[in-house]
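A.B. asks: entry04.txt is reproduced below (compact mmCIF, C-alpha atoms).
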# COMPACT_ATOMS: atom_id res chain seq x y z
CA MET A 24 0.00 0.00 0.00
CA GLN A 25 1.25 3.50 -0.86
CA GLU A 26 2.11 5.87 1.97
CA LYS A 27 0.04 9.03 2.25
CA LYS A 28 1.68 12.28 1.11
CA GLY A 29 2.47 13.15 4.75
CA GLY A 30 4.75 10.11 4.89
CA GLN A 31 6.67 11.05 1.79
CA LYS A 32 10.42 11.41 1.76
CA LEU A 33 12.67 13.48 -0.41
CA LYS A 34 15.81 12.39 -2.21
CA SER A 35 17.93 13.70 -5.04
CA ILE A 36 20.46 11.51 -6.83
CA SER A 37 23.04 12.47 -9.41
CA VAL A 38 24.50 9.38 -11.01
CA LEU A 39 26.63 8.55 -14.02
CA VAL A 40 24.16 6.25 -15.71
CA PRO A 41 22.54 6.65 -19.13
CA PHE A 42 19.08 8.16 -19.14
CA GLU A 43 17.69 5.06 -20.88
CA ARG A 44 18.58 3.01 -17.82
CA VAL A 45 16.87 5.49 -15.51
CA GLN A 46 13.79 5.49 -17.75
CA ALA A 47 13.65 1.68 -17.82
CA SER A 48 13.98 1.52 -14.07
CA LEU A 49 11.14 4.01 -13.56
CA SER A 50 8.74 2.29 -15.94
CA GLU A 51 9.52 -1.06 -14.30
CA ILE A 52 8.10 0.24 -11.03
CA GLY A 53 5.07 1.86 -12.70
CA PHE A 54 6.04 5.51 -13.14
CA LEU A 55 4.66 7.12 -16.29
CA LEU A 56 5.97 10.18 -18.09
CA ASP A 57 3.55 13.05 -17.46
CA ASP A 58 5.20 16.14 -18.93
CA THR A 59 8.51 17.56 -20.15
CA VAL A 60 10.03 21.03 -20.33
CA THR A 61 13.29 22.48 -21.63
CA ILE A 62 15.13 24.41 -18.96
CA VAL A 63 18.33 26.42 -18.91
CA THR A 64 20.53 26.52 -15.85
CA ASP A 65 24.28 27.05 -15.41
CA GLY A 66 24.30 28.16 -19.07
CA LYS A 67 23.30 24.66 -20.21
CA PHE A 68 20.11 23.33 -21.75
CA TRP A 69 18.38 20.47 -19.96
CA THR A 70 15.26 18.39 -20.52
CA LYS A 71 13.25 18.09 -17.31
CA MET A 72 10.86 15.16 -17.29
CA LEU A 73 8.13 14.58 -14.73
CA TYR A 74 7.10 11.01 -13.90
CA ILE A 75 4.05 10.27 -11.77
CA ARG A 76 2.64 7.23 -9.98
CA ASP A 77 -0.39 7.94 -7.77
CA ASN A 78 0.74 10.73 -5.44
CA GLU A 79 4.46 10.11 -5.91
CA THR A 80 6.56 12.16 -8.31
CA ILE A 81 10.00 11.76 -9.80
CA SER A 82 11.67 14.40 -11.92
CA VAL A 83 14.63 13.58 -14.13
CA SER A 84 16.77 16.39 -15.55
CA GLU A 85 19.22 15.51 -18.28
CA GLU A 86 21.56 17.83 -20.14
CA ILE A 87 20.74 18.16 -23.85
CA GLY A 88 23.38 17.49 -26.45
CA ASP A 89 26.64 15.60 -26.60
CA ALA A 90 27.86 16.51 -23.13
CA TYR A 91 30.06 13.86 -21.53
CA PRO A 92 29.83 12.47 -18.91
CA LYS A 93 26.04 12.55 -18.62
CA ASP A 94 24.77 12.53 -15.09
CA PRO A 95 21.00 12.94 -14.94
CA ILE A 96 19.63 14.45 -11.74
CA ILE A 97 16.82 12.37 -10.28
CA THR A 98 14.60 14.00 -7.66
CA ILE A 99 12.17 11.72 -5.85
CA CYS A 100 9.27 12.78 -3.67
CA GLY A 101 7.80 9.47 -2.61
CA SER A 102 7.80 6.63 -0.15
CA LYS A 103 10.95 5.14 1.37
CA MET A 104 10.30 1.99 -0.63
CA THR A 105 10.11 3.91 -3.92
CA ILE A 106 13.37 5.70 -3.14
CA SER A 107 15.18 2.44 -2.40
CA LYS A 108 13.74 0.78 -5.53
CA VAL A 109 14.92 3.66 -7.74
CA VAL A 110 18.37 3.69 -6.12
CA LYS A 111 18.64 -0.09 -6.58
CA GLY A 112 17.31 0.09 -10.15
CA ILE A 113 20.01 2.48 -11.26
CA GLY A 114 22.71 0.46 -9.61
CA GLY A 115 23.12 2.52 -6.44
CA MET B 11 23.82 38.14 4.39
CA PRO B 12 25.49 35.52 2.25
CA LEU B 13 23.74 34.16 -0.81
CA TYR B 14 24.64 30.66 -1.93
CA GLU B 15 23.75 29.29 -5.35
CA CYS B 16 22.94 25.58 -5.63
CA ASN B 17 22.14 23.25 -8.49
CA GLU B 18 18.95 21.16 -8.37
CA HIS B 19 20.65 18.19 -6.73
CA GLN B 20 22.32 20.31 -4.04
CA PHE B 21 19.17 22.33 -3.33
CA VAL B 22 16.94 19.27 -2.90
CA GLU B 23 19.51 17.47 -0.77
CA ASN B 24 19.86 20.56 1.45
CA ILE B 25 16.08 20.59 1.95
CA ARG B 26 16.19 16.88 2.80
CA ARG B 27 18.90 17.53 5.41
CA LEU B 28 16.85 20.33 6.92
CA LEU B 29 13.80 18.05 7.07
CA GLU B 30 15.80 15.34 8.79
CA SER B 31 17.20 17.83 11.32
CA LYS B 32 13.63 18.90 12.23
CA GLU B 33 14.77 22.51 11.69
CA LYS B 34 11.90 24.90 10.92
CA PHE B 35 12.23 26.58 7.55
CA LEU B 36 10.29 28.08 4.71
CA VAL B 37 10.86 27.69 0.97
CA ASN B 38 10.19 30.73 -1.23
CA ARG B 39 9.33 30.41 -4.89
CA LYS B 40 9.28 33.08 -7.56
CA ILE B 41 7.98 32.42 -11.08
CA MET B 42 8.16 35.34 -13.51
CA LEU B 43 7.45 35.53 -17.22
CA HIS B 44 10.26 37.07 -19.29
CA ASP B 45 10.46 37.93 -22.95
CA ASP B 46 13.70 39.86 -23.11
CA ALA B 47 15.40 38.21 -26.11
CA LYS B 48 17.69 36.21 -23.84
CA TYR B 49 17.00 33.08 -25.89
CA GLY B 50 16.92 32.85 -29.66
CA PRO B 51 17.04 29.94 -32.10
CA ALA B 52 20.76 30.17 -32.97
CA ILE B 53 22.02 29.23 -29.49
CA MET B 54 19.71 26.26 -29.01
CA PRO B 55 21.15 22.77 -29.10
CA ASP B 56 20.03 20.72 -32.13
CA HIS B 57 17.55 18.73 -30.03
CA GLU B 58 15.63 21.91 -29.14
CA PHE B 59 16.09 23.58 -32.54
CA LYS B 60 14.39 20.58 -34.22
CA ARG B 61 11.09 21.88 -32.80
CA TYR B 62 11.47 24.98 -34.99
CA GLU B 63 12.73 23.23 -38.14
CA MET B 64 9.41 23.57 -39.93
CA ILE B 65 9.91 27.34 -40.09
CA CYS B 66 13.64 27.96 -39.49
CA THR B 67 16.94 26.78 -40.90
CA ARG B 68 20.57 26.99 -39.81
CA LYS B 69 23.85 25.15 -40.47
CA SER B 70 24.76 24.36 -36.88
CA VAL B 71 24.61 25.75 -33.33
CA ASN B 72 25.58 29.47 -33.22
CA SER B 73 25.12 29.83 -37.01
CA THR B 74 22.74 32.44 -38.40
CA VAL B 75 19.10 31.32 -38.41
CA TYR B 76 16.86 32.23 -41.35
CA ALA B 77 13.13 31.84 -41.87
CA LYS B 78 12.50 28.86 -44.15
CA VAL B 79 8.95 29.95 -44.93
CA PRO B 80 6.85 33.01 -44.12
CA PHE B 81 5.26 32.69 -40.69
CA ILE B 82 3.34 34.56 -38.02
CA ASP B 83 4.42 34.67 -34.38
CA THR B 84 1.19 34.92 -32.37
CA PHE B 85 2.94 35.50 -29.02
CA HIS B 86 4.45 38.74 -30.32
CA HIS B 87 1.25 40.41 -31.58
CA ASN B 88 1.08 38.37 -34.80
CA ARG B 89 4.47 39.55 -35.97
CA MET B 90 5.12 38.48 -39.56
CA TYR B 91 8.44 37.00 -40.66
CA TYR B 92 9.23 36.58 -44.36
CA GLU B 93 11.06 33.75 -46.13
CA GLY B 94 14.83 34.21 -45.88
CA GLU B 95 14.56 36.79 -43.08
CA ASN B 96 17.43 36.78 -40.60
CA LEU B 97 15.96 35.63 -37.28
CA HIS B 98 19.11 35.36 -35.21
CA SER B 99 22.46 36.44 -36.53
CA ALA B 100 25.69 34.58 -35.76
CA SER B 101 27.38 37.95 -35.34
CA ALA B 102 24.81 39.13 -32.77
CA LEU B 103 24.03 36.07 -30.69
CA LEU B 104 23.05 38.21 -27.71
CA PHE B 105 20.41 40.07 -29.71
CA PRO B 106 18.04 37.61 -31.44
CA ARG B 107 15.26 39.09 -33.56
CA MET B 108 13.09 36.11 -32.75
CA SER B 109 12.77 35.89 -28.99
CA VAL B 110 11.69 32.76 -27.12
CA PRO B 111 9.67 33.59 -23.98
CA TYR B 112 10.45 31.79 -20.72
CA TYR B 113 9.59 31.56 -17.06
CA ARG B 114 12.35 32.43 -14.62
CA VAL B 115 11.89 30.08 -11.66
CA GLU B 116 13.72 30.74 -8.40
CA TYR B 117 13.54 28.60 -5.31
CA SER B 118 15.20 29.80 -2.11
CA VAL B 119 15.44 28.82 1.51
CA ASN B 120 16.72 30.97 4.38
CA VAL B 121 18.53 29.27 7.21
CA TRP B 122 20.90 30.61 9.88
CA GLY B 123 21.19 33.99 8.19
CA GLY B 124 22.11 32.62 4.76
CA THR B 125 20.01 32.26 1.62
CA TYR B 126 20.41 29.14 -0.50
CA PHE B 127 18.84 29.32 -3.93
CA PHE B 128 18.33 27.35 -7.11
CA ALA B 129 17.17 29.12 -10.28
CA PHE B 130 16.43 28.08 -13.82
CA ASP B 131 14.70 29.34 -16.96
CA ALA B 132 11.90 27.20 -18.45
CA LEU B 133 11.41 27.84 -22.16
CA PHE B 134 7.92 28.04 -23.62
CA ASN B 135 7.00 25.14 -25.89
CA PRO B 136 6.80 26.06 -29.58
CA GLU B 137 3.91 24.77 -31.68
CA VAL B 138 3.87 25.29 -35.43
CA VAL B 139 0.59 24.91 -37.31
CA ILE B 140 -0.70 25.92 -40.74
CA GLU B 141 -3.73 28.19 -40.65
CA LYS B 142 -5.80 30.14 -43.13
CA ARG B 143 -5.45 33.86 -42.46
CA LYS B 144 -7.27 36.79 -44.06
CA GLY B 145 -6.31 40.42 -44.09
CA ARG B 146 -4.23 43.03 -45.87
CA ARG B 147 -1.26 40.70 -46.39
CA PHE B 148 -3.26 37.64 -47.36
CA GLY B 149 -5.99 39.03 -49.57
CA LYS B 150 -9.76 38.80 -49.34
CA GLU B 151 -9.83 35.07 -49.98
CA GLY B 152 -7.15 34.48 -47.38
CA ALA B 153 -4.09 32.26 -47.60
CA LEU B 154 -2.53 29.38 -45.77
CA ILE B 155 0.44 30.36 -43.61
CA HIS B 156 2.62 28.82 -40.92
CA VAL B 157 1.77 30.06 -37.45
CA LEU B 158 4.13 29.85 -34.47
CA ARG B 159 2.54 29.64 -31.04
CA TYR B 160 4.28 29.45 -27.69
CA ASN B 161 2.59 27.34 -25.03
CA TRP B 162 3.61 27.96 -21.45
CA PRO B 163 4.97 25.01 -19.51
CA GLU B 164 2.61 23.60 -16.90
CA GLU B 165 3.29 24.50 -13.29
CA ARG B 166 3.55 20.85 -12.23
CA VAL B 167 6.63 20.34 -14.38
CA LEU B 168 8.25 23.58 -13.17
CA ALA B 169 7.78 22.77 -9.52
CA ILE B 170 10.21 20.99 -7.28
CA ASN B 171 7.95 18.45 -5.66
CA LEU B 172 8.41 18.57 -1.93
CA PRO B 173 6.80 16.60 0.92
CA LYS B 174 3.61 18.06 2.41
CA GLU B 175 5.34 19.26 5.58
CA VAL B 176 7.50 21.71 3.58
CA MET B 177 5.73 25.04 3.27
CA VAL B 178 6.28 26.85 -0.03
CA PHE B 179 5.46 30.58 -0.27
CA ASP B 180 5.10 32.24 -3.65
CA VAL B 181 6.75 35.65 -3.79
CA LYS B 182 7.01 38.42 -6.36
CA HIS B 183 10.37 39.84 -5.44
CA MET B 184 13.09 39.31 -2.87
CA VAL B 185 14.75 42.39 -1.38
CA ARG B 186 18.20 41.59 -0.12
CA VAL B 187 18.99 43.48 3.06
CA ILE B 188 22.64 44.13 3.89
CA ASP B 189 23.24 43.42 7.54
CA HIS B 190 25.97 45.79 8.82
CA SER B 191 25.47 44.83 12.48
CA SER B 192 28.19 42.18 12.28
CA ASN B 193 30.77 44.90 11.52
CA PHE B 194 30.47 46.33 15.03
Could you spell out this file's structure in structure tokens?

C.D. replies:
Amino acid sequence: MQEKKGGQKLKSISVLVPFERVQASLSEIGFLLDDTVTIVTDGKFWTKMLYIRDNETISVSEEIGDAYPKDPIITICGSKMTISKVVKGIGG
Amino acid sequence: MPLYECNEHQFVENIRRLLESKEKFLVNRKIMLHDDAKYGPAIMPDHEFKRYEMICTRKSVNSTVYAKVPFIDTFHHNRMYYEGENLHSASALLFPRMSVPYYRVEYSVNVWGGTYFFAFDALFNPEVVIEKRKGRRFGKEGALIHVLRYNWPEERVLAINLPKEVMVFDVKHMVRVIDHSSNF
């Protein structure tokens, strides 16, 4: 059973894994892409993607272009279990 | 009062640490619309420029951008651009003629006399359609023309999602007060 929003935890991860792996890991645990936006920060262009499952949200920001190394920033606002599943799924 | 800039990862992790420490704090958020020609099509990476390819052309990033076809920009009072018109010159990258509107989003948190902030610009989403327009330029019968619209990004994708116990206040402007008391 999902925790209520009051029981939600916060976690941000920045890892050197390809976005495709992050995406696969999120869809495996039932998160669906809800919306995307192009943002600019630190003089770089990023795609910010919002994934939702019930009342839990995960945003993934990835730099656009051929930047290397790519380290998407994953921000999770969800249950402890969701956080540990995402961390495990991306090899953390 | 010191002002510390964070990236998204640092800002969220700092909030998490504050939550875990049971420290009381407040997050401020400022979202403002800008259309100041800060962003034009020449400086966009290819991935973003592809969204404009129906109406614009360029050789590569930072090359001059020209209109591929005539089009109307509805966001800027139906401004008309003609085929071959220079939209963003390689020699004037800071001054694009075709400006992309954006929201400036700033999140900040004040703790122990310091302000920690994370800011980013969220570009409006371009949408190119072909419409029939009538008027002086298009004749009585009207003509088909490309139309560029900018759709604002939804608030849910701009927001940093935070647990319910974190209070977020929306603000219009932050006045930074210089505290001279520590000099005495």

A.B. asks: Taking (13.3, -5.6, -5.7) in the file's coordinates as the center, which residues reach within 12 Å of it, counting only C-alpha atoms, put as a list in words?

C.D. replies: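 The residues near that point, listed by chain and number, are Ser48, Glu51, Ile52, Met104, Thr105, Ile106, Ser107, Lys108, Val109, Val110, Lys111, Gly112, Ile113 and Gly114 of chain A.
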
A.B. asks: Nearest to Tyr62 (chain B) among B:Val115, B:Met108, B:Leu36, B:Val185, with distances taken over only C-alpha atoms: which residue is it?

C.D. replies: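 Closest to Tyr62 (chain B), using only C-alpha atoms: B:Met108.
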
A.B. asks: When you get a sec, could you note down which chain B residues fall within 6 Å of chain A, using all atoms listed in the file, as a PDB file with C-alpha atoms, keeping the file's coordinate frame?

C.D. replies:
ATOM      1  CA  HIS B  19      20.650  18.190  -6.730  1.00  0.00           C
ATOM      2  CA  GLU B  23      19.510  17.470  -0.770  1.00  0.00           C
ATOM      3  CA  ARG B  26      16.190  16.880   2.800  1.00  0.00           C
ATOM      4  CA  PHE B 130      16.430  28.080 -13.820  1.00  0.00           C
ATOM      5  CA  ASP B 131      14.700  29.340 -16.960  1.00  0.00           C
ATOM      6  CA  ALA B 132      11.900  27.200 -18.450  1.00  0.00           C
ATOM      7  CA  LEU B 133      11.410  27.840 -22.160  1.00  0.00           C
ATOM      8  CA  VAL B 167       6.630  20.340 -14.380  1.00  0.00           C
ATOM      9  CA  PRO B 173       6.800  16.600   0.920  1.00  0.00           C
ATOM     10  CA  LYS B 174       3.610  18.060   2.410  1.00  0.00           C
TER      11      LYS B 174
END

A.B. asks: In Å to one decimal, how far is CA of His57 (chain B) from CA of Ala100 (chain B)?

C.D. replies: 18.7 Å

A.B. asks: If you measure from CA of Asp45 (chain B) to CA of Arg166 (chain B), what distance in Å do you get, rounded to one decimal?

C.D. replies: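 Distance between the two atoms: 21.3 Å.
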
A.B. asks: Take CA of Val79 (chain B) and CA of Lys150 (chain B) and report the distance between them in Å, one decimal.

C.D. replies: 21.2 Å

A.B. asks: May I have the residues within 10 Å of Met90 (chain B) as a list in words, using only C-alpha atoms and disregarding those fewer than 3 positions away in the same chain?

C.D. replies: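 Final neighbour list, sorted by chain and number: Pro80, Phe81, Ile82, Asp83, Thr84, His86, His87, Arg147 and Val157 of chain B.
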
A.B. asks: Rank nothing, just name the residue among B:Lys69, B:Ala102, B:Glu18, B:Glu30 nearest to Val83 (chain A), using all atoms listed in the file.

C.D. replies: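 Going through B:Lys69, B:Ala102, B:Glu18, B:Glu30 one by one, the smallest distance to Val83 (chain A) is for B:Glu18.
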
A.B. asks: My list of candidates is A:Ser102, A:Gln46, A:Pro92, A:Val40. Which is closest to Asn78 (chain A) when distances are computed with all atoms listed in the file?

C.D. replies: A:Ser102

A.B. asks: Find the smallest box with edges along x, y and z containing every listed atom of region 95-106 of chain A, then add 5 Å on each side and report centre and edge lengths in Å to one decimal, as lines of an AutoDock Vina configuration file.

C.D. replies:
center_x = 14.4
center_y = 8.2
center_z = -6.8
size_x = 23.2
size_y = 22.5
size_z = 26.3
